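Asker: The structure's right below; bear with me while I get my questions together.
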Amino acid sequence: MKIELLAPAGNLEKLKVAVLYGADAVYIGGEAYSLRAMADNFDIEDMKEGLKFAHEHGAKVYVTVNIFAHNDDLKGMPTYIKTLNDIGVDAIIVSDPGVFQ
């Protein structure tokens with residue numbers, strides 16, 4: 001089994017630094033559905049740029065969708081998750097079983 005070095009990346013600059021310094025993968029939060037949604041997170045365009053950079057350097061990108069969702073939160077989530085899939089994220093990190101479902 002290969003051990004993976006997974007690093008947090010709070011913004012595009014931090015993602016690039018983590019990858020350049022040897023991270024096998026980074027995890028990022030989007031502007032929605034992240035526990036740190038009000039932080040300096042990634043919009044879709046930054047995600048695309050980060051994905052391109054990471055993949056060119058052999059690294060993966062995981063996106064956190066780790067809110068504990070209420071019914072109102074679930075309305076736009078399928079579209080958001082489809083967008084993440086369409087742009088090529090390597091995985092989604094989920095903490096709420098309702099979101100996973």
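Each chain in the structure tokens gets a letter, A, B, ..., in the order shown, and its residues are numbered from 1; ligands are numbered from 1 in order too.
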Please identify the helix (DSSP H, G or I) residues within range 14-52 of chain A (assignment by DSSP from backbone atoms) and present them as a PDB file with N, CA, C and O atoms, in the first residue's frame.
Answerer:
```
ATOM      1  N   LYS A  14      -1.663  28.386  -2.381  1.00  0.00           N
ATOM      2  CA  LYS A  14      -1.308  27.322  -1.441  1.00  0.00           C
ATOM      3  C   LYS A  14      -1.382  25.955  -2.111  1.00  0.00           C
ATOM      4  O   LYS A  14      -0.579  25.068  -1.798  1.00  0.00           O
ATOM      5  N   LEU A  15      -2.329  25.770  -3.009  1.00  0.00           N
ATOM      6  CA  LEU A  15      -2.417  24.518  -3.759  1.00  0.00           C
ATOM      7  C   LEU A  15      -1.129  24.301  -4.549  1.00  0.00           C
ATOM      8  O   LEU A  15      -0.530  23.219  -4.497  1.00  0.00           O
ATOM      9  N   LYS A  16      -0.689  25.322  -5.260  1.00  0.00           N
ATOM     10  CA  LYS A  16       0.518  25.192  -6.088  1.00  0.00           C
ATOM     11  C   LYS A  16       1.747  24.915  -5.228  1.00  0.00           C
ATOM     12  O   LYS A  16       2.567  24.060  -5.581  1.00  0.00           O
ATOM     13  N   VAL A  17       1.864  25.592  -4.104  1.00  0.00           N
ATOM     14  CA  VAL A  17       3.011  25.368  -3.221  1.00  0.00           C
ATOM     15  C   VAL A  17       2.992  23.933  -2.690  1.00  0.00           C
ATOM     16  O   VAL A  17       4.020  23.246  -2.687  1.00  0.00           O
ATOM     17  N   ALA A  18       1.838  23.469  -2.241  1.00  0.00           N
ATOM     18  CA  ALA A  18       1.737  22.107  -1.706  1.00  0.00           C
ATOM     19  C   ALA A  18       2.141  21.079  -2.757  1.00  0.00           C
ATOM     20  O   ALA A  18       2.889  20.134  -2.470  1.00  0.00           O
ATOM     21  N   VAL A  19       1.664  21.253  -3.972  1.00  0.00           N
ATOM     22  CA  VAL A  19       1.992  20.319  -5.053  1.00  0.00           C
ATOM     23  C   VAL A  19       3.484  20.387  -5.376  1.00  0.00           C
ATOM     24  O   VAL A  19       4.156  19.356  -5.510  1.00  0.00           O
ATOM     25  N   LEU A  20       4.019  21.585  -5.499  1.00  0.00           N
ATOM     26  CA  LEU A  20       5.438  21.738  -5.824  1.00  0.00           C
ATOM     27  C   LEU A  20       6.352  21.169  -4.736  1.00  0.00           C
ATOM     28  O   LEU A  20       7.462  20.725  -5.026  1.00  0.00           O
ATOM     29  N   ILE A  44     -15.332  28.009  -9.028  1.00  0.00           N
ATOM     30  CA  ILE A  44     -15.176  26.953 -10.036  1.00  0.00           C
ATOM     31  C   ILE A  44     -13.991  27.232 -10.962  1.00  0.00           C
ATOM     32  O   ILE A  44     -13.237  26.318 -11.308  1.00  0.00           O
ATOM     33  N   GLU A  45     -13.796  28.473 -11.347  1.00  0.00           N
ATOM     34  CA  GLU A  45     -12.671  28.793 -12.245  1.00  0.00           C
ATOM     35  C   GLU A  45     -11.332  28.517 -11.572  1.00  0.00           C
ATOM     36  O   GLU A  45     -10.412  27.985 -12.207  1.00  0.00           O
ATOM     37  N   ASP A  46     -11.192  28.884 -10.294  1.00  0.00           N
ATOM     38  CA  ASP A  46      -9.959  28.577  -9.563  1.00  0.00           C
ATOM     39  C   ASP A  46      -9.773  27.074  -9.410  1.00  0.00           C
ATOM     40  O   ASP A  46      -8.653  26.566  -9.471  1.00  0.00           O
ATOM     41  N   MET A  47     -10.877  26.351  -9.193  1.00  0.00           N
ATOM     42  CA  MET A  47     -10.788  24.894  -9.120  1.00  0.00           C
ATOM     43  C   MET A  47     -10.243  24.327 -10.419  1.00  0.00           C
ATOM     44  O   MET A  47      -9.368  23.459 -10.414  1.00  0.00           O
ATOM     45  N   LYS A  48     -10.769  24.813 -11.546  1.00  0.00           N
ATOM     46  CA  LYS A  48     -10.292  24.321 -12.848  1.00  0.00           C
ATOM     47  C   LYS A  48      -8.795  24.565 -13.003  1.00  0.00           C
ATOM     48  O   LYS A  48      -8.054  23.678 -13.447  1.00  0.00           O
ATOM     49  N   GLU A  49      -8.350  25.756 -12.648  1.00  0.00           N
ATOM     50  CA  GLU A  49      -6.922  26.084 -12.761  1.00  0.00           C
ATOM     51  C   GLU A  49      -6.097  25.215 -11.814  1.00  0.00           C
ATOM     52  O   GLU A  49      -5.033  24.704 -12.180  1.00  0.00           O
ATOM     53  N   GLY A  50      -6.591  25.039 -10.592  1.00  0.00           N
ATOM     54  CA  GLY A  50      -5.891  24.203  -9.629  1.00  0.00           C
ATOM     55  C   GLY A  50      -5.824  22.749 -10.064  1.00  0.00           C
ATOM     56  O   GLY A  50      -4.796  22.086  -9.909  1.00  0.00           O
ATOM     57  N   LEU A  51      -6.927  22.251 -10.610  1.00  0.00           N
ATOM     58  CA  LEU A  51      -6.948  20.879 -11.124  1.00  0.00           C
ATOM     59  C   LEU A  51      -5.937  20.696 -12.250  1.00  0.00           C
ATOM     60  O   LEU A  51      -5.195  19.710 -12.275  1.00  0.00           O
ATOM     61  N   LYS A  52      -5.914  21.626 -13.168  1.00  0.00           N
ATOM     62  CA  LYS A  52      -4.981  21.549 -14.295  1.00  0.00           C
ATOM     63  C   LYS A  52      -3.551  21.512 -13.769  1.00  0.00           C
ATOM     64  O   LYS A  52      -2.755  20.657 -14.184  1.00  0.00           O
TER      65      LYS A  52
END
```
Asker: Set the distance at 10 Å and use only C-alpha atoms: which residues neighbour Pro8 in chain A once local chain neighbours fewer than 3 positions away are removed? I'd like the list as a PyMOL selection string.
Answerer: chain A and resi 11+14-15+18+23+25-29+61-62
Asker: Hey, can you spit out that residue selection with C-alpha atoms as a PDB file, in the first residue's frame?
Answerer:
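Contents of part_26.pdb, as written:
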```
ATOM      1  CA  ASN A  11      -6.392  29.028  -2.055  1.00  0.00           C
ATOM      2  CA  LYS A  14      -1.308  27.322  -1.441  1.00  0.00           C
ATOM      3  CA  LEU A  15      -2.417  24.518  -3.759  1.00  0.00           C
ATOM      4  CA  ALA A  18       1.737  22.107  -1.706  1.00  0.00           C
ATOM      5  CA  ALA A  23       1.936  16.615  -1.939  1.00  0.00           C
ATOM      6  CA  ALA A  25      -3.018  15.246  -3.227  1.00  0.00           C
ATOM      7  CA  VAL A  26      -4.577  18.416  -1.860  1.00  0.00           C
ATOM      8  CA  TYR A  27      -8.003  19.067  -0.445  1.00  0.00           C
ATOM      9  CA  ILE A  28      -9.855  22.280  -1.099  1.00  0.00           C
ATOM     10  CA  GLY A  29     -13.169  23.857  -0.185  1.00  0.00           C
ATOM     11  CA  VAL A  61      -7.478  17.315  -5.934  1.00  0.00           C
ATOM     12  CA  TYR A  62     -10.226  16.467  -3.447  1.00  0.00           C
TER      13      TYR A  62
END
```
Asker: What does the distance between CA of Ala7 in chain A and CA of Asp24 in chain A come to in Å, to one decimal place?
Answerer: 8.2 Å
Asker: What is the distance between CA of Pro97 in chain A and CA of Phe42 in chain A, in Å to one decimal?
Answerer: 23.6 Å
Asker: What is the distance between CA of Thr83 in chain A and CA of Ala54 in chain A, in Å to one decimal?
Answerer: 18.1 Å
Asker: Let's see if you can do this: from backbone DSSP, list all strand (DSSP E) residues in chain A, as an MDAnalysis selection string.
Answerer: chainID A and resid 6:8 25:29 60:65 91:94
Asker: Emit the selected residues as a PDB file, in the first residue's frame, including N, CA, C and O atoms.
Answerer:
```pdb
ATOM      1  N   LEU A   6      -1.362  14.087   1.843  1.00  0.00           N
ATOM      2  CA  LEU A   6      -2.524  14.920   1.553  1.00  0.00           C
ATOM      3  C   LEU A   6      -2.373  16.240   2.305  1.00  0.00           C
ATOM      4  O   LEU A   6      -2.187  16.249   3.516  1.00  0.00           O
ATOM      5  N   ALA A   7      -2.430  17.353   1.582  1.00  0.00           N
ATOM      6  CA  ALA A   7      -2.225  18.667   2.190  1.00  0.00           C
ATOM      7  C   ALA A   7      -3.444  19.555   1.972  1.00  0.00           C
ATOM      8  O   ALA A   7      -4.085  19.487   0.919  1.00  0.00           O
ATOM      9  N   PRO A   8      -3.759  20.408   2.952  1.00  0.00           N
ATOM     10  CA  PRO A   8      -4.835  21.379   2.754  1.00  0.00           C
ATOM     11  C   PRO A   8      -4.356  22.494   1.832  1.00  0.00           C
ATOM     12  O   PRO A   8      -3.180  22.851   1.821  1.00  0.00           O
ATOM     13  N   ALA A  25      -1.656  14.758  -3.049  1.00  0.00           N
ATOM     14  CA  ALA A  25      -3.018  15.246  -3.227  1.00  0.00           C
ATOM     15  C   ALA A  25      -3.221  16.455  -2.315  1.00  0.00           C
ATOM     16  O   ALA A  25      -2.516  16.623  -1.316  1.00  0.00           O
ATOM     17  N   VAL A  26      -4.178  17.284  -2.688  1.00  0.00           N
ATOM     18  CA  VAL A  26      -4.577  18.416  -1.860  1.00  0.00           C
ATOM     19  C   VAL A  26      -6.084  18.356  -1.681  1.00  0.00           C
ATOM     20  O   VAL A  26      -6.796  17.787  -2.519  1.00  0.00           O
ATOM     21  N   TYR A  27      -6.552  18.930  -0.585  1.00  0.00           N
ATOM     22  CA  TYR A  27      -8.003  19.067  -0.445  1.00  0.00           C
ATOM     23  C   TYR A  27      -8.329  20.543  -0.338  1.00  0.00           C
ATOM     24  O   TYR A  27      -7.599  21.329   0.240  1.00  0.00           O
ATOM     25  N   ILE A  28      -9.433  20.888  -1.010  1.00  0.00           N
ATOM     26  CA  ILE A  28      -9.855  22.280  -1.099  1.00  0.00           C
ATOM     27  C   ILE A  28     -11.337  22.380  -0.763  1.00  0.00           C
ATOM     28  O   ILE A  28     -12.070  21.401  -0.840  1.00  0.00           O
ATOM     29  N   GLY A  29     -11.756  23.584  -0.414  1.00  0.00           N
ATOM     30  CA  GLY A  29     -13.169  23.857  -0.185  1.00  0.00           C
ATOM     31  C   GLY A  29     -13.673  24.801  -1.247  1.00  0.00           C
ATOM     32  O   GLY A  29     -12.946  25.686  -1.710  1.00  0.00           O
ATOM     33  N   LYS A  60      -3.438  14.864  -7.109  1.00  0.00           N
ATOM     34  CA  LYS A  60      -4.897  14.799  -7.135  1.00  0.00           C
ATOM     35  C   LYS A  60      -5.491  15.967  -6.350  1.00  0.00           C
ATOM     36  O   LYS A  60      -4.832  16.548  -5.488  1.00  0.00           O
ATOM     37  N   VAL A  61      -6.753  16.255  -6.640  1.00  0.00           N
ATOM     38  CA  VAL A  61      -7.478  17.315  -5.934  1.00  0.00           C
ATOM     39  C   VAL A  61      -8.790  16.744  -5.409  1.00  0.00           C
ATOM     40  O   VAL A  61      -9.587  16.186  -6.175  1.00  0.00           O
ATOM     41  N   TYR A  62      -8.997  16.878  -4.111  1.00  0.00           N
ATOM     42  CA  TYR A  62     -10.226  16.467  -3.447  1.00  0.00           C
ATOM     43  C   TYR A  62     -10.953  17.724  -2.991  1.00  0.00           C
ATOM     44  O   TYR A  62     -10.327  18.669  -2.513  1.00  0.00           O
ATOM     45  N   VAL A  63     -12.266  17.729  -3.127  1.00  0.00           N
ATOM     46  CA  VAL A  63     -13.064  18.893  -2.732  1.00  0.00           C
ATOM     47  C   VAL A  63     -13.938  18.505  -1.543  1.00  0.00           C
ATOM     48  O   VAL A  63     -14.628  17.485  -1.571  1.00  0.00           O
ATOM     49  N   THR A  64     -13.911  19.345  -0.519  1.00  0.00           N
ATOM     50  CA  THR A  64     -14.748  19.089   0.647  1.00  0.00           C
ATOM     51  C   THR A  64     -16.175  19.570   0.390  1.00  0.00           C
ATOM     52  O   THR A  64     -16.401  20.676  -0.064  1.00  0.00           O
ATOM     53  N   VAL A  65     -17.108  18.685   0.648  1.00  0.00           N
ATOM     54  CA  VAL A  65     -18.538  18.994   0.679  1.00  0.00           C
ATOM     55  C   VAL A  65     -18.966  18.474   2.049  1.00  0.00           C
ATOM     56  O   VAL A  65     -19.632  17.464   2.176  1.00  0.00           O
ATOM     57  N   ALA A  91     -11.889  13.405  -6.146  1.00  0.00           N
ATOM     58  CA  ALA A  91     -12.767  12.854  -5.112  1.00  0.00           C
ATOM     59  C   ALA A  91     -13.467  13.999  -4.402  1.00  0.00           C
ATOM     60  O   ALA A  91     -13.055  15.153  -4.486  1.00  0.00           O
ATOM     61  N   ILE A  92     -14.533  13.641  -3.722  1.00  0.00           N
ATOM     62  CA  ILE A  92     -15.270  14.583  -2.887  1.00  0.00           C
ATOM     63  C   ILE A  92     -15.238  14.039  -1.467  1.00  0.00           C
ATOM     64  O   ILE A  92     -15.481  12.848  -1.248  1.00  0.00           O
ATOM     65  N   ILE A  93     -14.911  14.899  -0.520  1.00  0.00           N
ATOM     66  CA  ILE A  93     -14.878  14.513   0.894  1.00  0.00           C
ATOM     67  C   ILE A  93     -16.208  14.925   1.524  1.00  0.00           C
ATOM     68  O   ILE A  93     -16.562  16.101   1.525  1.00  0.00           O
ATOM     69  N   VAL A  94     -16.939  13.940   2.022  1.00  0.00           N
ATOM     70  CA  VAL A  94     -18.278  14.151   2.582  1.00  0.00           C
ATOM     71  C   VAL A  94     -18.281  13.710   4.035  1.00  0.00           C
ATOM     72  O   VAL A  94     -17.711  12.668   4.369  1.00  0.00           O
TER      73      VAL A  94
END
```
Asker: Using only C-alpha atoms, which of the listed residues (A:Gly22, A:Gly30, A:Gly88, A:Pro78) sits closest to Glu4 in chain A?
Answerer: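 Counting only C-alpha atoms, the residue closest to Glu4 in chain A is A:Gly22.
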Asker: Rank nothing, just name the residue among A:Asn66, A:Phe53, A:Ala59, A:Glu31 nearest to Leu5 in chain A, using only C-alpha atoms.
Answerer: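 For Leu5 in chain A, the nearest of the given residues is A:Ala59.
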